[in-house]
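S.K.: One file is attached below, run28.cif, containing mmCIF, C-alpha atoms.
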```cif
data_run
#
loop_
_atom_site.label_atom_id
_atom_site.label_comp_id
_atom_site.auth_asym_id
_atom_site.auth_seq_id
_atom_site.Cartn_x
_atom_site.Cartn_y
_atom_site.Cartn_z
CA MET A 1 -160.16 194.34 17.22
CA LYS A 2 -158.53 196.19 14.35
CA PRO A 3 -157.16 194.43 11.25
CA HIS A 4 -153.56 195.41 10.90
CA GLY A 5 -152.01 193.65 7.88
CA THR A 6 -150.22 190.42 7.07
CA THR A 7 -146.85 188.97 8.10
CA LEU A 8 -144.12 187.50 5.90
CA ASP A 9 -145.65 184.10 6.68
CA GLY A 10 -148.90 185.24 5.11
CA LEU A 11 -150.79 185.29 8.41
CA PRO A 12 -153.19 188.17 8.91
CA THR A 13 -152.44 190.35 11.93
CA ASP A 14 -154.83 192.15 14.25
CA VAL A 15 -154.38 194.60 17.10
CA ALA A 16 -156.34 194.37 20.37
CA SER A 17 -156.36 195.97 23.82
CA GLU A 18 -157.94 193.15 25.88
CA PRO A 19 -156.16 189.90 26.81
CA ILE A 20 -157.47 186.68 25.36
CA ILE A 21 -158.89 184.27 27.94
CA ALA A 22 -158.22 180.63 27.08
CA TRP A 23 -158.24 177.18 28.73
CA ARG A 24 -155.11 175.55 30.08
CA VAL A 25 -153.94 172.75 32.40
CA TRP A 26 -150.91 172.71 34.69
CA ALA A 27 -149.01 170.23 36.81
CA LEU A 28 -148.66 171.12 40.49
CA THR A 29 -145.78 170.75 42.95
CA GLY A 30 -145.49 171.59 46.63
CA ARG A 31 -144.43 170.35 50.05
CA ARG A 32 -145.84 167.38 51.85
CA ASP A 33 -148.09 169.62 54.00
CA GLY A 34 -149.55 171.39 50.95
CA SER A 35 -147.44 174.54 51.22
CA ASP A 36 -145.07 176.12 48.64
CA LEU A 37 -147.44 175.36 45.80
CA LEU A 38 -146.20 176.04 42.29
CA LEU A 39 -147.93 175.72 38.93
CA ARG A 40 -145.77 173.99 36.32
CA PRO A 41 -146.31 173.26 32.65
CA VAL A 42 -147.25 169.64 32.02
CA ALA A 43 -144.15 169.55 29.80
CA ARG A 44 -141.85 168.97 32.76
CA ARG A 45 -138.74 170.71 31.46
CA ALA A 46 -140.49 174.01 30.82
CA ARG A 47 -140.22 176.87 33.31
CA THR A 48 -142.46 177.22 36.35
CA TRP A 49 -145.24 179.80 36.66
CA GLN A 50 -144.25 182.00 39.59
CA PRO A 51 -147.09 183.51 41.67
CA ARG A 52 -147.97 187.14 40.95
CA GLN A 53 -145.44 187.41 38.13
CA VAL A 54 -146.07 187.75 34.43
CA VAL A 55 -144.98 184.59 32.64
CA GLU A 56 -142.98 185.33 29.50
CA ALA A 57 -142.45 182.80 26.74
CA SER A 58 -139.06 181.76 25.43
CA CYS A 59 -138.07 179.20 22.83
CA ARG A 60 -135.99 176.19 23.89
CA SER A 61 -135.42 175.13 20.28
CA SER A 62 -133.93 178.34 19.01
CA ARG A 63 -132.30 181.38 20.58
CA TRP A 64 -132.60 183.22 17.31
CA HIS A 65 -136.28 184.06 17.40
CA GLU A 66 -138.63 185.54 19.94
CA ALA A 67 -141.50 183.40 21.20
CA PRO A 68 -144.03 182.77 19.84
CA GLU A 69 -142.79 182.32 16.28
CA PRO A 70 -145.31 181.29 13.59
CA LEU A 71 -143.12 178.49 12.19
CA CYS A 72 -142.23 177.03 15.62
CA THR A 73 -144.27 175.47 18.46
CA CYS A 74 -142.92 177.83 21.15
CA GLY A 75 -145.01 180.15 23.29
CA LEU A 76 -147.39 179.85 26.21
CA HIS A 77 -150.23 177.60 25.14
CA GLY A 78 -153.95 178.02 25.74
CA THR A 79 -156.87 176.32 24.02
CA HIS A 80 -160.31 177.31 22.76
CA GLY A 81 -161.99 174.43 24.59
CA ILE A 82 -161.41 171.79 27.25
CA GLU A 83 -161.58 168.67 25.08
CA VAL A 84 -158.16 169.09 23.47
CA LEU A 85 -156.62 169.34 26.98
CA ARG A 86 -157.89 165.87 27.97
CA LYS A 87 -155.01 164.33 26.00
CA THR A 88 -152.31 166.04 28.06
CA LYS A 89 -150.11 164.07 30.43
CA GLY A 90 -150.45 164.56 34.19
CA PRO A 91 -152.79 167.55 34.52
CA ALA A 92 -153.50 168.56 38.14
CA VAL A 93 -155.07 172.00 37.67
CA LEU A 94 -157.56 173.18 35.06
CA GLY A 95 -158.07 176.87 34.54
CA ARG A 96 -158.63 179.98 32.53
CA VAL A 97 -155.51 181.85 31.49
CA ALA A 98 -155.04 185.40 30.20
CA LEU A 99 -152.81 185.68 27.12
CA TRP A 100 -151.36 188.86 25.68
CA GLY A 101 -148.43 190.43 23.88
CA ARG A 102 -147.83 188.65 20.61
CA VAL A 103 -150.47 185.92 20.33
CA ILE A 104 -150.71 183.41 17.47
CA GLU A 105 -154.19 181.98 17.10
CA HIS A 106 -154.41 178.38 15.86
CA GLN A 107 -157.37 176.22 14.86
CA HIS A 108 -157.78 174.89 18.41
CA GLY A 109 -155.94 177.37 20.59
CA PHE A 110 -153.26 179.99 21.02
CA ARG A 111 -149.53 180.50 21.61
CA ALA A 112 -148.73 183.69 23.48
CA GLN A 113 -145.82 185.87 24.55
CA PHE A 114 -147.20 186.67 28.04
CA ALA A 115 -149.65 184.87 30.31
CA TYR A 116 -151.10 184.69 33.81
CA PRO A 117 -153.77 182.36 35.29
CA GLN A 118 -157.20 183.84 36.05
CA ARG A 119 -159.29 180.99 37.51
CA LEU A 120 -158.12 177.62 38.81
CA ARG A 121 -159.62 174.29 39.82
CA LEU A 122 -157.98 171.08 40.99
CA ILE A 123 -158.91 168.03 38.91
CA CYS A 124 -158.48 164.29 39.21
CA GLN A 125 -156.46 163.55 36.08
CA PHE A 126 -158.00 160.09 35.70
CA CYS A 127 -161.55 161.48 35.79
CA PHE A 128 -160.47 164.24 33.41
CA TRP A 129 -159.07 161.71 30.94
CA THR A 130 -162.10 159.42 31.08
CA THR A 131 -165.10 161.72 31.51
CA GLY A 132 -163.96 165.36 31.28
CA ALA A 133 -164.05 168.22 33.74
CA ARG A 134 -167.64 168.09 34.89
CA ARG A 135 -167.05 165.61 37.70
CA GLU A 136 -167.03 166.67 41.35
CA ALA A 137 -163.75 168.10 42.58
CA PRO A 138 -161.55 165.33 44.04
CA ARG A 139 -161.42 165.17 47.86
CA HIS A 140 -157.71 164.53 48.25
CA VAL A 141 -154.39 165.76 46.91
CA GLY A 142 -151.67 163.15 46.98
CA TRP A 143 -148.05 164.07 47.57
CA PHE A 144 -145.35 162.11 45.78
CA PRO A 145 -141.54 162.23 45.93
CA ARG A 146 -140.01 165.21 44.07
CA GLY A 147 -142.95 167.28 45.30
CA GLU A 148 -145.47 166.21 42.69
CA MET A 149 -149.02 166.88 43.86
CA MET A 150 -151.83 164.87 42.36
CA PRO A 151 -155.48 165.64 43.11
CA ILE A 152 -157.31 162.33 43.15
CA CYS A 153 -160.88 161.18 43.77
CA ASP A 154 -161.85 158.36 46.15
CA GLU A 155 -162.45 155.91 43.31
CA HIS A 156 -159.06 156.42 41.68
CA LEU A 157 -157.28 156.58 45.03
CA ALA A 158 -158.55 153.07 45.69
CA VAL A 159 -157.29 151.96 42.26
CA ALA A 160 -153.89 153.54 42.96
CA ARG A 161 -153.75 151.73 46.31
CA ARG A 162 -154.43 148.38 44.61
CA HIS A 163 -151.53 149.03 42.23
CA ASP A 164 -149.09 150.10 44.98
CA VAL A 165 -148.76 153.66 43.75
CA PHE A 166 -150.25 155.17 46.88
CA PRO A 167 -149.04 158.75 47.57
CA ARG A 168 -146.65 159.35 50.46
CA SER A 169 -149.19 161.66 52.12
CA LEU A 170 -152.62 163.16 51.52
CA VAL A 171 -153.90 166.71 51.98
CA THR A 172 -157.49 167.84 51.57
CA THR A 173 -158.36 169.42 48.24
CA ASP A 174 -160.16 172.33 49.91
CA GLU A 175 -157.00 173.30 51.77
CA VAL A 176 -154.74 173.08 48.71
CA ALA A 177 -157.23 174.82 46.41
CA GLN A 178 -157.62 177.73 48.82
CA ARG A 179 -153.87 178.09 49.23
CA LEU A 180 -153.37 177.96 45.48
CA ARG A 181 -155.94 180.70 44.90
CA ASP A 182 -154.40 182.84 47.64
CA ILE A 183 -150.84 182.44 46.35
CA TYR A 184 -151.75 183.32 42.77
CA ALA A 185 -154.49 185.79 43.78
CA VAL A 186 -157.01 184.22 41.43
CA ASP A 187 -160.63 183.04 41.68
CA ALA A 188 -162.07 179.54 41.71
CA LEU A 189 -163.08 178.05 38.40
CA ALA A 190 -166.72 176.97 38.42
CA ILE A 191 -167.78 174.41 35.83
CA MET B 1 -151.08 168.76 22.50
CA ASP B 2 -152.01 169.61 18.93
CA ILE B 3 -153.67 173.00 18.52
CA GLY B 4 -153.76 172.83 14.72
CA GLN B 5 -152.54 175.23 12.08
CA PRO B 6 -151.86 178.93 12.78
CA LYS B 7 -154.59 181.25 11.54
CA ARG B 8 -153.58 184.78 12.51
CA ILE B 9 -151.38 186.89 14.74
CA ILE B 10 -152.87 189.24 17.32
CA GLU B 11 -150.78 191.99 18.91
CA ILE B 12 -152.37 192.67 22.32
CA GLU B 13 -151.32 195.59 24.50
CA PRO B 14 -153.72 195.44 27.46
CA VAL B 15 -154.70 198.64 29.23
CA THR B 16 -154.47 196.82 32.57
CA LEU B 17 -152.38 193.72 33.10
CA PRO B 18 -154.33 190.67 34.32
CA VAL B 19 -151.71 190.05 37.03
CA PRO B 20 -152.21 191.12 40.66
CA GLY B 21 -149.97 194.02 41.60
CA GLU B 22 -148.55 194.55 38.11
CA VAL B 23 -148.91 197.97 36.46
CA VAL B 24 -148.67 198.73 32.77
CA PRO B 25 -145.63 201.03 32.22
CA ASP B 26 -146.66 204.66 31.68
CA ALA B 27 -150.16 203.89 32.95
CA ASP B 28 -149.81 206.34 35.87
CA PRO B 29 -151.20 209.81 35.15
CA ALA B 30 -148.56 212.42 34.45
CA PRO B 31 -148.06 215.02 37.25
CA HIS B 32 -149.96 218.23 36.83
CA PRO B 33 -147.72 220.83 35.11
CA ASP B 34 -148.58 223.54 37.68
CA ARG B 35 -147.95 221.34 40.69
CA GLU B 36 -144.70 221.99 42.54
CA PRO B 37 -142.51 218.96 43.05
CA THR B 38 -142.93 217.26 46.42
CA PRO B 39 -139.88 217.91 48.63
CA ALA B 40 -137.93 214.83 49.50
CA ARG B 41 -138.48 213.47 53.04
CA PRO B 42 -135.51 213.98 55.33
CA GLU B 43 -133.87 210.80 56.41
CA GLN B 44 -135.16 209.40 59.66
CA ARG B 45 -132.41 209.17 62.18
CA VAL B 46 -132.40 206.73 65.03
CA PRO B 47 -131.19 208.40 68.22
#
```
Please rewrite the model in this file as structure tokens.

M.R.:
Amino acid sequence: MKPHGTTLDGLPTDVASEPIIAWRVWALTGRRDGSDLLLRPVARRARTWQPRQVVEASCRSSRWHEAPEPLCTCGLHGTHGIEVLRKTKGPAVLGRVALWGRVIEHQHGFRAQFAYPQRLRLICQFCFWTTGARREAPRHVGWFPRGEMMPICDEHLAVARRHDVFPRSLVTTDEVAQRLRDIYAVDALAI
Amino acid sequence: MDIGQPKRIIEIEPVTLPVPGEVVPDADPAPHPDREPTPARPEQRVP
């Protein structure tokens, strides 16, 4: 990587020819039978990640700057490690994401102009919150109204059932994970 | 999600895009200068 100079904000700039690979989580939507899968940012209002298409950042706060802007929070986020992602709301998929174009590196992650997923794994969000990503992959993916798909382990499925938040239908994780990898043409994430 | 303070900006122009089926513009080799242009295929007509 070549040092390039500094910006008006005082940030040093570098030039590189290889994408940065970072960690990221997504929400997942689809049909009741596990088809039409689509990765979505966990921030629900943000745009979906279409399969086999470069995702380009835009800023919802301001039309007057390109994303990412150093003094804003816009851009496609990725993180250096997994731990910071455990605080996100409603993650269904954990993965590695390629970031390129204009990329702003932060203390714990990145904001990028362009992105595309590289490796994906379905996670039980409750296990992820409580113990991290090194648990076994959940066996089921629950389907909820509005197409929300929630991978869930046996233990937390039983808890959900006790609290009357049982999904409308269940699909096997293997089936959904394979379809997701095929649609986005990416590999499985091994942890 | 808090990713902390910005540290630096990196301008990344990848040689190959990490997206299936996507090609970096101008990544195709230029045609050889001595090579004659390929004639256009005539339209296929359905009898």

S.K.: Can you measure CA of Val171 in chain A to CA of Arg139 in chain A for me? One decimal in Å is fine.

M.R.: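 Rounded to one decimal, the two atoms are 8.7 Å apart.
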
S.K.: In terms of the shortest atom-to-atom distance over only C-alpha atoms, which of A:Ala112, A:Ala177, A:Ala22, A:Leu37 is closest to chain B?

M.R.: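 Ranking A:Ala112, A:Ala177, A:Ala22, A:Leu37 by distance to chain B, first place goes to A:Ala112.
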
S.K.: Output the contact residues of chain B with respect to chain A at a cut-off of 7 Å, based on only C-alpha atoms, as a list in words.

M.R.: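 Written out as asked, the residues are Met1, Ile3, Gly4, Gln5, Pro6, Lys7, Arg8, Ile9, Ile10, Glu11, Ile12, Glu13, Pro14, Val15, Pro18, Val19 and Pro20 of chain B.
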
S.K.: May I have the residues at most 12 Å from (-156.1, 171.9, 47.0) in the file's coordinates, counting only C-alpha atoms, as a PyMOL selection string?

M.R.: chain A and resi 28-30+33-38+92-93+120-124+137-143+149-152+170-183+188

S.K.: Rank A:Phe144, A:Trp26, A:Phe166, A:Phe128 by their smallest atom-to-atom distance to Ile82 in chain A, using all atoms listed in the file, and report the top residue only.

M.R.: A:Phe128

S.K.: Can you work out the spacing between CA of Leu39 in chain A and CA of Val25 in chain A in Å, to one decimal?

M.R.: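 Interatomic distance, CA of Leu39 in chain A to CA of Val25 in chain A: 9.4 Å.
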
S.K.: How far is it from CA of Arg44 in chain A to CA of Arg31 in chain A, in Å with one decimal?

M.R.: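 CA of Arg31 in chain A lies 17.5 Å from CA of Arg44 in chain A.
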
S.K.: The centre and edge lengths of an axis-aligned box containing all atoms of range 156-166 of chain A present in the file, extended by 8 Å on each side, are to be given in Å to one decimal, as AutoDock Vina command-line options.

M.R.:
```
--center_x -153.9 --center_y 152.5 --center_z 44.3 --size_x 26.3 --size_y 24.2 --size_z 21.2
```

S.K.: Applied to this file, what does the PyMOL selection byres ((chain A and resi 95) around 6) return in terms of residues, put as a short mmCIF file (atom, residue, chain, number, x, y, z; two decimals) with C-alpha atoms, in the coordinates of the input?

M.R.:
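Just written: result25.cif:
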```
data_model
loop_
_atom_site.label_atom_id
_atom_site.label_comp_id
_atom_site.auth_asym_id
_atom_site.auth_seq_id
_atom_site.Cartn_x
_atom_site.Cartn_y
_atom_site.Cartn_z
CA TRP A 23 -158.24 177.18 28.73
CA ARG A 24 -155.11 175.55 30.08
CA LEU A 94 -157.56 173.18 35.06
CA ARG A 96 -158.63 179.98 32.53
CA ARG A 119 -159.29 180.99 37.51
CA LEU A 120 -158.12 177.62 38.81
#
```
